[in-house]
$ cat input-v9.txt   # compact mmCIF, C-alpha atoms and all ligand atoms
# COMPACT_ATOMS: atom_id res chain seq x y z
CA TYR A 277 44.10 -87.03 -15.46
CA LEU A 278 44.17 -83.30 -15.93
CA ASP A 279 47.38 -81.66 -14.87
CA ARG A 280 47.53 -78.90 -12.26
CA GLN A 281 47.63 -76.07 -14.78
CA GLN A 282 44.48 -77.34 -16.46
CA LEU A 283 42.71 -77.56 -13.15
CA ARG A 284 43.56 -73.97 -12.40
CA GLU A 285 41.59 -71.52 -14.49
CA SER A 286 44.71 -69.63 -15.49
CA ASN A 287 43.97 -69.23 -19.15
CA ALA A 288 40.44 -68.05 -18.79
CA ARG A 289 40.98 -65.65 -15.91
CA SER A 290 42.71 -62.35 -16.18
CA TYR A 291 44.96 -62.00 -13.12
CA PRO A 292 46.70 -65.42 -13.20
CA ARG A 293 47.87 -64.78 -16.76
CA ARG A 294 50.49 -62.38 -15.51
CA ILE A 295 50.70 -63.49 -11.92
CA PRO A 296 51.11 -67.23 -12.40
CA MET A 297 51.15 -68.49 -8.83
CA ALA A 298 49.14 -70.58 -6.43
CA ILE A 299 48.79 -68.90 -3.06
CA ARG A 300 48.96 -71.14 -0.03
CA GLU A 301 48.99 -68.68 2.85
CA ALA A 302 48.19 -65.04 3.37
CA LYS A 303 48.73 -62.75 6.32
CA GLY A 304 48.81 -58.97 6.52
CA ILE A 305 50.40 -57.59 3.38
CA PHE A 306 52.15 -60.87 2.52
CA VAL A 307 51.16 -63.96 0.58
CA THR A 308 53.15 -67.19 0.37
CA ASP A 309 52.97 -69.43 -2.67
CA VAL A 310 52.90 -73.24 -2.65
CA ASP A 311 56.69 -73.31 -3.06
CA GLY A 312 57.23 -71.17 0.02
CA ASN A 313 58.08 -67.90 -1.78
CA VAL A 314 56.82 -64.82 0.06
CA TYR A 315 55.46 -61.77 -1.76
CA PHE A 316 54.34 -58.27 -0.83
CA ASP A 317 50.73 -58.16 -2.02
CA CYS A 318 50.24 -54.71 -3.52
CA LEU A 319 47.29 -55.87 -5.60
CA ALA A 320 45.40 -56.79 -2.41
CA GLY A 321 42.29 -58.07 -4.13
CA ALA A 322 42.30 -55.04 -6.46
CA GLY A 323 42.04 -52.79 -3.43
CA THR A 324 39.61 -54.99 -1.51
CA LEU A 325 41.86 -55.93 1.40
CA ALA A 326 41.94 -52.65 3.29
CA LEU A 327 43.32 -54.36 6.40
CA GLY A 328 45.36 -56.91 4.49
CA HIS A 329 44.87 -60.65 4.63
CA ASN A 330 43.30 -62.28 7.68
CA HIS A 331 43.42 -59.26 9.95
CA PRO A 332 42.73 -60.34 13.58
CA ALA A 333 39.85 -57.85 13.95
CA VAL A 334 38.17 -59.23 10.82
CA ILE A 335 38.80 -62.86 11.67
CA GLU A 336 37.41 -62.36 15.17
CA ALA A 337 34.22 -60.80 13.79
CA MET A 338 33.80 -63.72 11.38
CA GLN A 339 34.45 -66.29 14.11
CA GLN A 340 31.89 -64.69 16.42
CA THR A 341 29.33 -64.73 13.64
CA LEU A 342 30.02 -68.35 12.77
CA THR A 343 29.92 -69.71 16.28
CA GLY A 344 27.00 -67.71 17.68
CA ASN A 345 24.15 -69.40 15.82
CA TYR A 346 23.49 -66.17 13.99
CA PRO A 347 21.54 -66.46 10.76
CA LEU A 348 23.95 -66.67 7.84
CA HIS A 349 21.31 -66.22 5.19
CA THR A 350 18.02 -64.39 5.50
CA LEU A 351 17.39 -63.22 1.93
CA ASP A 352 17.17 -59.52 2.70
CA LEU A 353 15.38 -59.75 6.01
CA THR A 354 16.93 -57.60 8.67
CA THR A 355 19.22 -58.98 11.35
CA PRO A 356 21.14 -57.27 14.17
CA ILE A 357 24.34 -57.84 12.13
CA LYS A 358 22.82 -56.04 9.17
CA ASP A 359 21.45 -53.23 11.33
CA ARG A 360 24.86 -52.71 12.84
CA PHE A 361 26.59 -52.61 9.45
CA VAL A 362 24.10 -50.08 8.12
CA GLU A 363 24.39 -47.97 11.26
CA GLU A 364 28.20 -47.83 11.09
CA LEU A 365 28.13 -47.21 7.36
CA PHE A 366 25.72 -44.29 7.68
CA ALA A 367 27.74 -42.85 10.57
CA SER A 368 30.80 -42.88 8.31
CA LEU A 369 29.14 -40.89 5.52
CA PRO A 370 29.19 -37.08 5.31
CA GLU A 371 26.11 -35.88 7.15
CA ASN A 372 24.51 -34.02 4.27
CA PHE A 373 24.57 -37.21 2.20
CA ALA A 374 23.67 -39.59 5.03
CA LYS A 375 20.62 -37.66 6.13
CA ARG A 376 18.97 -38.06 2.71
CA ALA A 377 20.38 -41.47 1.82
CA LYS A 378 18.60 -44.76 1.32
CA ILE A 379 20.48 -48.03 1.03
CA GLN A 380 19.97 -51.04 -1.17
CA PHE A 381 22.10 -54.15 -0.82
CA CYS A 382 23.13 -55.59 -4.15
CA GLY A 383 24.64 -58.87 -5.32
CA PRO A 384 28.09 -59.85 -4.15
CA THR A 385 30.29 -57.98 -6.58
CA GLY A 386 30.91 -54.34 -7.49
CA ALA A 387 29.23 -54.60 -10.89
CA ASP A 388 26.00 -55.55 -9.11
CA ALA A 389 25.91 -52.12 -7.50
CA VAL A 390 26.46 -50.52 -10.91
CA GLU A 391 23.54 -52.48 -12.38
CA ALA A 392 21.29 -51.45 -9.50
CA ALA A 393 22.27 -47.80 -9.94
CA LEU A 394 21.49 -47.95 -13.66
CA LYS A 395 18.02 -49.32 -12.98
CA LEU A 396 17.48 -46.85 -10.17
CA VAL A 397 18.25 -43.67 -12.15
CA LYS A 398 16.45 -44.89 -15.25
CA THR A 399 13.36 -45.69 -13.20
CA ALA A 400 13.50 -42.39 -11.34
CA THR A 401 14.02 -40.16 -14.37
CA GLY A 402 12.23 -42.15 -17.06
CA ARG A 403 15.25 -41.44 -19.28
CA ARG A 404 17.34 -44.02 -21.08
CA SER A 405 20.81 -42.65 -21.82
CA VAL A 406 23.77 -42.38 -19.43
CA LEU A 407 26.87 -40.20 -19.40
CA SER A 408 30.13 -41.96 -18.67
CA PHE A 409 33.82 -41.13 -19.10
CA SER A 410 36.72 -42.14 -21.25
CA GLY A 411 38.84 -44.62 -19.33
CA GLY A 412 36.07 -45.30 -16.82
CA TYR A 413 35.78 -48.82 -15.44
CA HIS A 414 32.55 -50.03 -13.89
CA GLY A 415 32.64 -53.80 -14.23
CA MET A 416 32.06 -56.64 -16.63
CA SER A 417 28.35 -57.41 -16.35
CA HIS A 418 26.22 -56.35 -19.29
CA GLY A 419 25.14 -52.88 -18.15
CA ALA A 420 28.37 -52.10 -16.31
CA LEU A 421 30.43 -53.09 -19.34
CA SER A 422 28.36 -50.71 -21.46
CA LEU A 423 29.52 -47.88 -19.19
CA THR A 424 33.16 -48.97 -19.31
CA GLY A 425 35.47 -47.06 -21.63
CA ASN A 426 37.75 -49.92 -22.63
CA ILE A 427 36.71 -51.06 -26.11
CA ALA A 428 38.60 -54.38 -26.07
CA PRO A 429 36.27 -56.37 -23.77
CA LYS A 430 33.23 -54.66 -25.31
CA SER A 431 33.87 -55.41 -28.93
CA ALA A 432 33.23 -59.13 -28.44
CA VAL A 433 29.74 -58.51 -27.06
CA PRO A 434 27.23 -57.21 -29.59
CA GLY A 435 24.26 -55.17 -28.45
CA LEU A 436 25.49 -53.57 -25.23
CA MET A 437 23.55 -50.52 -24.02
CA ALA A 438 23.64 -48.14 -26.96
CA ASP A 439 22.68 -45.00 -25.08
CA VAL A 440 25.96 -44.30 -23.34
CA HIS A 441 27.78 -41.08 -24.17
CA PHE A 442 31.44 -41.03 -23.30
CA LEU A 443 32.81 -37.69 -22.21
CA PRO A 444 36.49 -36.77 -21.73
CA TYR A 445 37.97 -37.48 -18.30
CA PRO A 446 40.63 -34.97 -17.16
CA TYR A 447 43.70 -37.10 -17.84
CA ASP A 448 46.19 -34.26 -17.66
CA TYR A 449 49.29 -36.27 -18.47
CA ARG A 450 47.96 -37.07 -21.93
CA CYS A 451 45.45 -34.27 -22.44
CA PRO A 452 47.05 -31.80 -24.88
CA PHE A 453 45.56 -28.87 -22.93
CA GLY A 454 46.70 -30.06 -19.55
CA VAL A 455 50.43 -29.86 -20.06
CA GLY A 456 52.18 -27.76 -17.48
CA GLY A 457 49.08 -26.53 -15.72
CA ASP A 458 45.59 -27.30 -14.60
CA ASN A 459 43.80 -25.99 -17.67
CA GLY A 460 42.89 -29.45 -18.87
CA HIS A 461 40.07 -29.88 -16.45
CA LYS A 462 38.62 -26.44 -17.22
CA ILE A 463 38.54 -27.12 -20.93
CA SER A 464 37.11 -30.58 -20.33
CA SER A 465 34.25 -29.29 -18.16
CA ARG A 466 33.43 -26.42 -20.54
CA TYR A 467 33.40 -28.86 -23.43
CA ILE A 468 31.04 -31.19 -21.58
CA GLU A 469 28.68 -28.35 -20.82
CA TYR A 470 28.80 -27.27 -24.45
CA LEU A 471 27.88 -30.80 -25.58
CA LEU A 472 24.95 -30.94 -23.18
CA GLU A 473 23.65 -27.59 -24.40
CA ASP A 474 24.06 -28.31 -28.11
CA PRO A 475 20.70 -29.70 -29.34
CA GLU A 476 22.54 -31.46 -32.15
CA SER A 477 25.30 -33.12 -30.15
CA GLY A 478 23.31 -36.34 -30.21
CA ILE A 479 23.09 -36.42 -26.43
CA VAL A 480 19.51 -36.87 -25.27
CA PRO A 481 18.66 -35.89 -21.68
CA PRO A 482 20.48 -38.53 -19.64
CA ALA A 483 19.22 -40.60 -16.72
CA GLY A 484 22.52 -40.07 -14.94
CA MET A 485 26.22 -39.36 -15.06
CA ILE A 486 28.59 -41.97 -13.62
CA LEU A 487 32.20 -41.24 -12.68
CA GLU A 488 35.13 -42.37 -10.57
CA VAL A 489 36.80 -39.71 -8.41
CA VAL A 490 40.10 -41.43 -9.08
CA GLN A 491 40.01 -43.69 -12.11
CA GLY A 492 41.54 -46.98 -11.03
CA GLU A 493 41.62 -49.50 -13.86
CA GLY A 494 41.79 -46.56 -16.30
CA GLY A 495 45.29 -45.78 -15.03
CA VAL A 496 45.13 -44.22 -11.55
CA ILE A 497 43.96 -40.78 -12.61
CA PRO A 498 42.70 -38.46 -9.88
CA ALA A 499 40.11 -35.95 -11.06
CA PRO A 500 40.89 -32.40 -9.92
CA ASP A 501 38.55 -31.13 -7.20
CA ALA A 502 37.52 -28.17 -9.35
CA TRP A 503 36.51 -30.51 -12.19
CA LEU A 504 34.42 -32.63 -9.83
CA GLN A 505 32.73 -29.49 -8.55
CA GLU A 506 31.99 -28.55 -12.15
CA MET A 507 30.49 -31.98 -12.83
CA ARG A 508 28.33 -31.56 -9.75
CA ARG A 509 27.19 -28.11 -10.90
CA ILE A 510 26.54 -29.23 -14.48
CA THR A 511 24.46 -32.23 -13.37
CA SER A 512 22.58 -30.36 -10.61
CA GLU A 513 21.59 -27.58 -12.96
CA ARG A 514 20.14 -30.12 -15.39
CA ASP A 515 18.58 -32.47 -12.86
CA ILE A 516 20.88 -35.31 -13.86
CA PRO A 517 21.60 -37.73 -10.99
CA LEU A 518 25.33 -37.96 -10.31
CA ILE A 519 26.51 -41.51 -9.60
CA VAL A 520 29.89 -41.66 -7.89
CA ASP A 521 31.51 -45.07 -8.23
CA GLU A 522 33.66 -45.55 -5.11
CA ILE A 523 33.86 -49.30 -5.49
CA GLN A 524 37.65 -49.06 -5.53
CA THR A 525 38.24 -45.79 -3.69
CA GLY A 526 35.81 -46.17 -0.78
CA TRP A 527 36.92 -46.61 2.84
CA GLY A 528 40.16 -44.75 3.05
CA ARG A 529 42.07 -45.87 -0.03
CA THR A 530 42.71 -42.32 -1.28
CA GLY A 531 43.42 -40.63 2.05
CA ASN A 532 39.79 -39.64 2.56
CA LEU A 533 37.26 -42.11 3.88
CA TYR A 534 35.29 -41.41 0.70
CA ALA A 535 37.26 -39.92 -2.17
CA PHE A 536 34.47 -37.49 -3.11
CA GLU A 537 34.74 -35.77 0.29
CA ARG A 538 37.97 -34.02 -0.71
CA SER A 539 36.17 -31.90 -3.32
CA GLY A 540 33.18 -31.18 -1.09
CA ILE A 541 30.67 -32.52 -3.62
CA THR A 542 27.66 -34.63 -2.63
CA PRO A 543 26.66 -37.42 -5.00
CA ASP A 544 23.07 -38.45 -5.64
CA VAL A 545 24.11 -42.10 -5.82
CA LEU A 546 27.15 -43.71 -4.23
CA LEU A 547 28.41 -47.17 -5.14
CA LEU A 548 30.47 -49.20 -2.68
CA SER A 549 31.94 -52.69 -2.75
CA LYS A 550 35.47 -54.19 -2.38
CA ALA A 551 36.69 -52.95 1.06
CA ILE A 552 33.24 -52.82 2.66
CA GLY A 553 32.99 -56.61 2.91
CA GLY A 554 36.23 -56.91 4.90
CA SER A 555 37.58 -59.34 2.22
CA LEU A 556 34.22 -61.03 1.58
CA PRO A 557 31.83 -60.18 -1.27
CA LEU A 558 29.42 -57.31 -0.60
CA SER A 559 28.12 -54.34 -2.55
CA VAL A 560 25.65 -51.58 -1.85
CA VAL A 561 24.10 -48.63 -3.58
CA LEU A 562 23.28 -45.58 -1.48
CA TYR A 563 21.02 -42.98 -3.04
CA ASP A 564 19.21 -39.76 -2.37
CA GLU A 565 15.66 -40.37 -1.19
CA LYS A 566 14.32 -38.28 -4.08
CA LEU A 567 15.32 -41.15 -6.39
CA ASP A 568 13.49 -43.74 -4.33
CA LEU A 569 10.77 -44.27 -6.88
CA TRP A 570 11.16 -47.94 -7.51
CA LYS A 571 8.55 -50.26 -6.21
CA PRO A 572 9.12 -52.82 -3.45
CA GLY A 573 10.74 -55.85 -5.03
CA ALA A 574 11.93 -53.89 -8.09
CA HIS A 575 15.47 -55.02 -7.43
CA ALA A 576 15.23 -58.31 -5.63
CA GLY A 577 17.87 -61.05 -5.58
CA THR A 578 18.60 -64.11 -3.47
CA PHE A 579 22.09 -63.17 -2.37
CA ARG A 580 21.95 -59.51 -1.51
CA GLY A 581 24.11 -58.79 1.49
CA ASN A 582 26.00 -61.64 3.08
CA GLN A 583 25.83 -61.64 6.89
CA LEU A 584 29.42 -62.78 7.31
CA ALA A 585 30.61 -60.05 4.95
CA MET A 586 28.61 -57.46 6.88
CA ALA A 587 30.21 -58.56 10.16
CA ALA A 588 33.67 -58.48 8.55
CA GLY A 589 32.87 -55.10 6.98
CA THR A 590 31.72 -53.56 10.24
CA ALA A 591 34.93 -54.75 11.93
CA THR A 592 36.98 -53.27 9.08
CA LEU A 593 35.29 -49.88 9.27
CA LYS A 594 35.63 -49.76 13.04
CA TYR A 595 39.32 -50.57 12.80
CA ILE A 596 39.86 -47.91 10.13
CA MET A 597 38.14 -45.28 12.27
CA GLU A 598 39.58 -46.24 15.66
CA ASN A 599 43.14 -46.39 14.33
CA GLN A 600 42.94 -43.21 12.23
CA LEU A 601 44.00 -45.17 9.17
CA VAL A 602 42.70 -42.48 6.83
CA ASP A 603 45.27 -40.02 8.17
CA SER A 604 48.10 -42.52 7.98
CA VAL A 605 47.13 -43.43 4.41
CA LYS A 606 47.82 -39.82 3.41
CA VAL A 607 51.29 -39.86 4.99
CA LEU A 608 52.18 -43.30 3.64
CA GLY A 609 50.85 -42.44 0.19
CA ASP A 610 52.99 -39.28 0.08
CA ARG A 611 56.02 -41.33 1.09
CA LEU A 612 55.36 -43.86 -1.68
CA MET A 613 54.88 -41.09 -4.25
CA GLN A 614 58.11 -39.38 -3.17
CA ASN A 615 60.06 -42.64 -3.35
CA LEU A 616 58.69 -43.34 -6.82
CA GLN A 617 59.37 -39.80 -8.00
CA GLN A 618 62.97 -40.23 -6.91
CA ILE A 619 63.19 -43.42 -9.00
CA GLN A 620 61.59 -41.51 -11.88
CA GLY A 621 64.50 -39.03 -11.73
CA ASN A 622 66.90 -41.81 -12.75
CA HIS A 623 64.67 -43.54 -15.27
CA PRO A 624 63.17 -41.71 -18.25
CA CYS A 625 60.92 -44.74 -18.91
CA ILE A 626 58.82 -43.51 -15.97
CA GLY A 627 56.68 -40.88 -17.62
CA ASP A 628 54.41 -40.03 -14.72
CA VAL A 629 53.91 -40.86 -11.04
CA ARG A 630 50.47 -39.97 -9.74
CA GLY A 631 47.77 -40.99 -7.35
CA ARG A 632 46.04 -40.26 -4.09
CA GLY A 633 46.76 -41.93 -0.80
CA LEU A 634 47.60 -45.60 -1.28
CA MET A 635 46.29 -45.68 -4.82
CA VAL A 636 49.37 -44.87 -6.85
CA GLY A 637 50.26 -45.40 -10.51
CA VAL A 638 53.49 -45.23 -12.46
CA GLU A 639 53.05 -44.70 -16.20
CA ILE A 640 55.70 -46.43 -18.27
CA VAL A 641 56.67 -44.80 -21.58
CA ASN A 642 59.35 -45.30 -24.18
CA PRO A 643 62.44 -43.60 -22.74
CA HIS A 644 63.38 -42.41 -26.23
CA GLY A 645 59.94 -41.48 -27.50
CA GLY A 646 58.28 -38.75 -25.47
CA LYS A 647 55.09 -40.12 -23.99
CA THR A 648 54.83 -43.11 -26.31
CA ALA A 649 53.17 -45.96 -24.46
CA TYR A 650 55.43 -48.94 -23.86
CA PRO A 651 53.29 -51.89 -22.73
CA GLU A 652 56.05 -54.48 -23.27
CA LEU A 653 58.33 -52.64 -20.86
CA ALA A 654 55.51 -52.28 -18.30
CA ARG A 655 54.96 -56.04 -18.44
CA LYS A 656 58.70 -56.66 -18.04
CA ILE A 657 58.78 -54.41 -14.98
CA GLN A 658 55.75 -56.19 -13.52
CA LYS A 659 57.46 -59.55 -14.07
CA ALA A 660 60.75 -58.33 -12.60
CA CYS A 661 58.87 -57.12 -9.51
CA LEU A 662 57.14 -60.48 -9.16
CA GLU A 663 60.47 -62.28 -9.38
CA ARG A 664 61.70 -60.07 -6.54
CA GLY A 665 58.67 -60.74 -4.34
CA LEU A 666 56.33 -57.87 -5.18
CA ILE A 667 52.86 -58.35 -6.68
CA LEU A 668 51.67 -55.36 -8.71
CA GLU A 669 49.00 -55.10 -11.37
CA LEU A 670 48.99 -53.14 -14.61
CA GLY A 671 46.20 -50.86 -15.77
CA GLY A 672 45.61 -47.80 -17.86
CA ARG A 673 44.56 -47.04 -21.42
CA PHE A 674 47.58 -48.78 -22.88
CA GLY A 675 48.23 -51.30 -20.12
CA THR A 676 51.27 -49.26 -19.14
CA VAL A 677 50.40 -48.03 -15.68
CA VAL A 678 51.98 -50.05 -12.86
CA ARG A 679 49.49 -49.85 -10.00
CA PHE A 680 50.30 -49.86 -6.29
CA LEU A 681 47.27 -50.78 -4.16
CA PRO A 682 48.76 -52.04 -0.89
CA PRO A 683 46.62 -52.79 2.16
CA LEU A 684 46.08 -49.64 4.22
CA ILE A 685 47.93 -51.19 7.17
CA ILE A 686 51.27 -51.13 5.33
CA THR A 687 54.08 -49.53 7.38
CA ALA A 688 56.56 -46.83 6.37
CA ASP A 689 59.38 -49.41 6.32
CA GLN A 690 57.36 -51.65 4.06
CA ILE A 691 56.66 -48.69 1.76
CA ASP A 692 60.42 -48.20 1.48
CA ALA A 693 60.95 -51.92 0.90
CA ILE A 694 58.47 -52.14 -1.98
CA SER A 695 59.90 -48.92 -3.47
CA GLU A 696 63.37 -50.49 -3.36
CA ILE A 697 62.15 -53.67 -5.08
CA PHE A 698 60.46 -51.56 -7.74
CA ALA A 699 63.67 -49.54 -8.27
CA GLN A 700 65.68 -52.75 -8.68
CA ALA A 701 63.14 -54.15 -11.12
CA VAL A 702 63.19 -51.00 -13.27
CA GLU A 703 66.97 -51.01 -13.17
CA ALA A 704 67.09 -54.68 -14.21
CA VAL A 705 64.93 -54.31 -17.31
CA ASN A 706 66.43 -51.09 -18.64
N1 LIG B 801 33.85 -49.95 -10.44
C1 LIG B 801 35.14 -49.72 -10.14
C2 LIG B 801 35.60 -48.33 -9.96
C3 LIG B 801 36.03 -50.79 -10.04
O1 LIG B 801 37.32 -50.55 -9.78
C4 LIG B 801 35.54 -52.10 -10.20
C5 LIG B 801 36.47 -53.31 -10.07
N2 LIG B 801 37.79 -53.11 -10.33
C6 LIG B 801 34.20 -52.28 -10.48
C7 LIG B 801 33.38 -51.20 -10.59
C8 LIG B 801 33.61 -53.67 -10.68
O2 LIG B 801 33.67 -54.39 -9.51
P1 LIG B 801 33.65 -55.98 -9.57
O3 LIG B 801 34.87 -56.43 -10.29
O4 LIG B 801 33.62 -56.40 -8.14
O5 LIG B 801 32.40 -56.36 -10.28
$ encode --input "input-v9.txt" --output "structure tokens"
Amino acid sequence: YLDRQQLRESNARSYPRRIPMAIREAKGIFVTDVDGNVYFDCLAGAGTLALGHNHPAVIEAMQQTLTGNYPLHTLDLTTPIKDRFVEELFASLPENFAKRAKIQFCGPTGADAVEAALKLVKTATGRRSVLSFSGGYHGMSHGALSLTGNIAPKSAVPGLMADVHFLPYPYDYRCPFGVGGDNGHKISSRYIEYLLEDPESGIVPPAGMILEVVQGEGGVIPAPDAWLQEMRRITSERDIPLIVDEIQTGWGRTGNLYAFERSGITPDVLLLSKAIGGSLPLSVVLYDEKLDLWKPGAHAGTFRGNQLAMAAGTATLKYIMENQLVDSVKVLGDRLMQNLQQIQGNHPCIGDVRGRGLMVGVEIVNPHGGKTAYPELARKIQKACLERGLILELGGRFGTVVRFLPPLIITADQIDAISEIFAQAVEAVN
């Protein structure tokens, strides 16, 4: 017989490699493993679990759906559950976007929305190339991987989309122009404009530009509002559809319901997944009606929009709105950042603490070597946190950014508790 470890897909999958546990129970922000150990879950399905595990509002919505003889699968035929989800979703969007927006349900996972967006803007513009950003993460399917900055997973797959131009993202901590001020983003946006104007830069007119407002997997890097406004201006002036990937940031994570709202920009295409399914798989692409040039059936698929996920998603959104979670995320996020900055004061291995709302990253560097990346130490800190009951994931260019993505329902006391565990873990490995 195969042993337990073989039966689990630990070696092939990414998360269990560093978080080697089997989870038996989950409630709120806690998970319990098969041995009875309890952990704070600050990975939370990579930001999916906005209301934590098994929130009563979400469970109730699922139970009602399951016991009411509602259709659980209709291909993409409309149902009252779907109508309600779309209605609530549109009501949650800034009006100037919502009034021109069309919606397309995609496959279950975030990358499906990215694929749909790629097809959409290519079809609408008749152009083939796409602008993306260094450090950007858009998923692991073929097209989405092409848009992803990380070379490691790409190098094993020959023949990804060739027409992707990577532009510099305003990563001020490591950008040589960004030190001590906010010049980095100005230089970065001027440079991008210069590349687009230079007939010999090798950039052909693109079908779209895709960006994250706060890079997540790339290392929790918030783009300055002024830079986002510049990207909006640069793309508008050239008729380039701007695709904002809010798969990780959407629905309150950053202290705005949608992260792009803070800068006042309006995307042409908005990608949502993770939180919108209330812990179940769901992804959508919302796009300006001017791009609606694809023919009926141009993006069909059997599983586009799961009814149970829509019911869970609607309950999640309602709870977020009715309980003003977006406001509390701001306050809790500031508290977490302040706690972590205090820890940084005692530990030179913490190079940078940054983030927005409850999307916070701590960049680990060599305490003796300036900003030299120190992935071994980051992994040790992650492990020390796990041993003390705190699940955190690593990200960033060098795998050195410890990422805090707790459920949005975390309390101030719990913020202090996870900060304390993190402080002890850093202390223990130094
Ligand atoms: N875009 C962003 C910004 C993401 O964070 C992710 C997932 N981490 C994806 C796309 C891909 O989503 P999925 O893993 O569900 O395919």
$ axis_aligned_box --input "input-v9.txt" --around "segment 404-413 of chain A" --padding-each-side "3 Å" --output "AutoDock Vina command-line options"
--center_x 28.1 --center_y -44.5 --center_z -18.6 --size_x 27.5 --size_y 14.6 --size_z 12.4
$ closest_residue --input "input-v9.txt" --among "A:Ser422, A:Ser559, A:Gln380, A:Thr343" --to "ligand LIG 801 (chain B)" --atoms "all atoms listed in the file"
A:Ser559
$ closest_residue --input "input-v9.txt" --among "A:Thr676, A:Asn345, A:Gln658, A:Thr525" --to "Ala322 of chain A" --atoms "only C-alpha atoms"
A:Thr525
$ closest_atom_pairs --input "input-v9.txt" --of "chain A" --to "ligand LIG 801 (chain B)" --cutoff "10 Å" --atoms "all atoms listed in the file" --output "CSV"
residue,atom,partner,partner_atom,distance
A:Gly321,CA,B:LIG801,N2,9.1
A:Ala322,CA,B:LIG801,N2,6.2
A:Gly323,CA,B:LIG801,N2,8.1
A:Thr324,CA,B:LIG801,O4,9.0
A:Gly383,CA,B:LIG801,O5,9.5
A:Pro384,CA,B:LIG801,O4,7.6
A:Thr385,CA,B:LIG801,O4,4.0
A:Gly386,CA,B:LIG801,O2,3.4
A:Ala387,CA,B:LIG801,O5,3.7
A:Asp388,CA,B:LIG801,O5,6.6
A:Ala389,CA,B:LIG801,C7,8.1
A:Val390,CA,B:LIG801,C7,7.0
A:Glu391,CA,B:LIG801,O5,9.9
A:Gly412,CA,B:LIG801,C2,7.5
A:Tyr413,CA,B:LIG801,C1,5.4
A:His414,CA,B:LIG801,C7,3.6
A:Gly415,CA,B:LIG801,C8,3.7
A:Met416,CA,B:LIG801,O5,6.4
A:Ser417,CA,B:LIG801,O5,7.4
A:Ala420,CA,B:LIG801,C7,7.7
A:Leu421,CA,B:LIG801,C8,9.2
A:Leu423,CA,B:LIG801,N1,10.0
A:Thr424,CA,B:LIG801,N1,9.0
A:Leu487,CA,B:LIG801,C2,8.3
A:Glu488,CA,B:LIG801,C2,6.0
A:Val489,CA,B:LIG801,C2,8.8
A:Val490,CA,B:LIG801,C2,8.3
A:Gln491,CA,B:LIG801,C2,6.8
A:Gly492,CA,B:LIG801,O1,5.7
A:Glu493,CA,B:LIG801,O1,6.0
A:Gly494,CA,B:LIG801,O1,8.9
A:Val520,CA,B:LIG801,C2,9.0
A:Asp521,CA,B:LIG801,C2,5.5
A:Glu522,CA,B:LIG801,C2,5.9
A:Ile523,CA,B:LIG801,C1,4.8
A:Gln524,CA,B:LIG801,O1,4.5
A:Thr525,CA,B:LIG801,C2,7.3
A:Gly526,CA,B:LIG801,C2,9.4
A:Leu547,CA,B:LIG801,N1,8.1
A:Leu548,CA,B:LIG801,N1,8.5
A:Ser549,CA,B:LIG801,O4,6.8
A:Lys550,CA,B:LIG801,O4,6.4
A:Pro557,CA,B:LIG801,O4,8.0
A:Leu558,CA,B:LIG801,O4,8.7
A:Ser559,CA,B:LIG801,O4,8.1
$ residues_around --input "input-v9.txt" --residues "Phe674 of chain A" --least-positions-apart "4" --cutoff "12 Å" --atoms "only C-alpha atoms" --output "PyMOL selection string"
chain A and resi 411+426-428+450+493-495+639-641+647-655+670+678
$ atom_distance --input "input-v9.txt" --atom1 "atom CA of Gly665 of chain A" --atom2 "atom CA of Thr592 of chain A"
26.6 Å
$ closest_residue --input "input-v9.txt" --among "A:Leu681, A:Val310, A:Lys656, A:Val702" --to "Ile626 of chain A" --atoms "all atoms listed in the file"
A:Val702
$ atom_distance --input "input-v9.txt" --atom1 "atom CA of Ala551 of chain A" --atom2 "atom CA of Ala591 of chain A"
11.2 Å
$ residues_around --input "input-v9.txt" --residues "Val362 of chain A" --least-positions-apart "4" --cutoff "12 Å" --atoms "all atoms listed in the file" --output "list in words"
Thr354, Thr355, Pro356, Ile357, Lys358, Phe366, Ala367, Ser368, Leu369, Ala374, Ala377, Lys378, Ile379, Gln380, Phe381, Ile552, Val560, Val561, Leu562, Gly581, Gln583, Met586, Ala587, Gly589, Thr590 and Leu593 of chain A
$ atom_distance --input "input-v9.txt" --atom1 "atom CA of Arg376 of chain A" --atom2 "atom CA of Asp564 of chain A"
5.4 Å
$ residues_around --input "input-v9.txt" --residues "Leu616 of chain A" --least-positions-apart "5" --cutoff "8 Å" --atoms "all atoms listed in the file" --output "short mmCIF file (atom, residue, chain, number, x, y, z; two decimals) with C-alpha atoms, in the frame of the given file"
data_model
loop_
_atom_site.label_atom_id
_atom_site.label_comp_id
_atom_site.auth_asym_id
_atom_site.auth_seq_id
_atom_site.Cartn_x
_atom_site.Cartn_y
_atom_site.Cartn_z
CA VAL A 629 53.91 -40.86 -11.04
CA VAL A 638 53.49 -45.23 -12.46
CA SER A 695 59.90 -48.92 -3.47
#
$ closest_residue --input "input-v9.txt" --among "A:Leu353, A:Leu394, A:Ile667, A:Ile497" --to "Tyr447 of chain A" --atoms "only C-alpha atoms"
A:Ile497
$ residues_around --input "input-v9.txt" --residues "segment 565-575 of chain A" --least-positions-apart "2" --cutoff "8 Å" --atoms "all atoms listed in the file" --output "short mmCIF file (atom, residue, chain, number, x, y, z; two decimals) with C-alpha atoms, keeping the file's coordinate frame"
data_model
loop_
_atom_site.label_atom_id
_atom_site.label_comp_id
_atom_site.auth_asym_id
_atom_site.auth_seq_id
_atom_site.Cartn_x
_atom_site.Cartn_y
_atom_site.Cartn_z
CA ARG A 376 18.97 -38.06 2.71
CA ALA A 377 20.38 -41.47 1.82
CA LYS A 378 18.60 -44.76 1.32
CA ALA A 392 21.29 -51.45 -9.50
CA LEU A 396 17.48 -46.85 -10.17
CA VAL A 397 18.25 -43.67 -12.15
CA THR A 399 13.36 -45.69 -13.20
CA ALA A 400 13.50 -42.39 -11.34
CA TYR A 563 21.02 -42.98 -3.04
CA GLY A 577 17.87 -61.05 -5.58
#
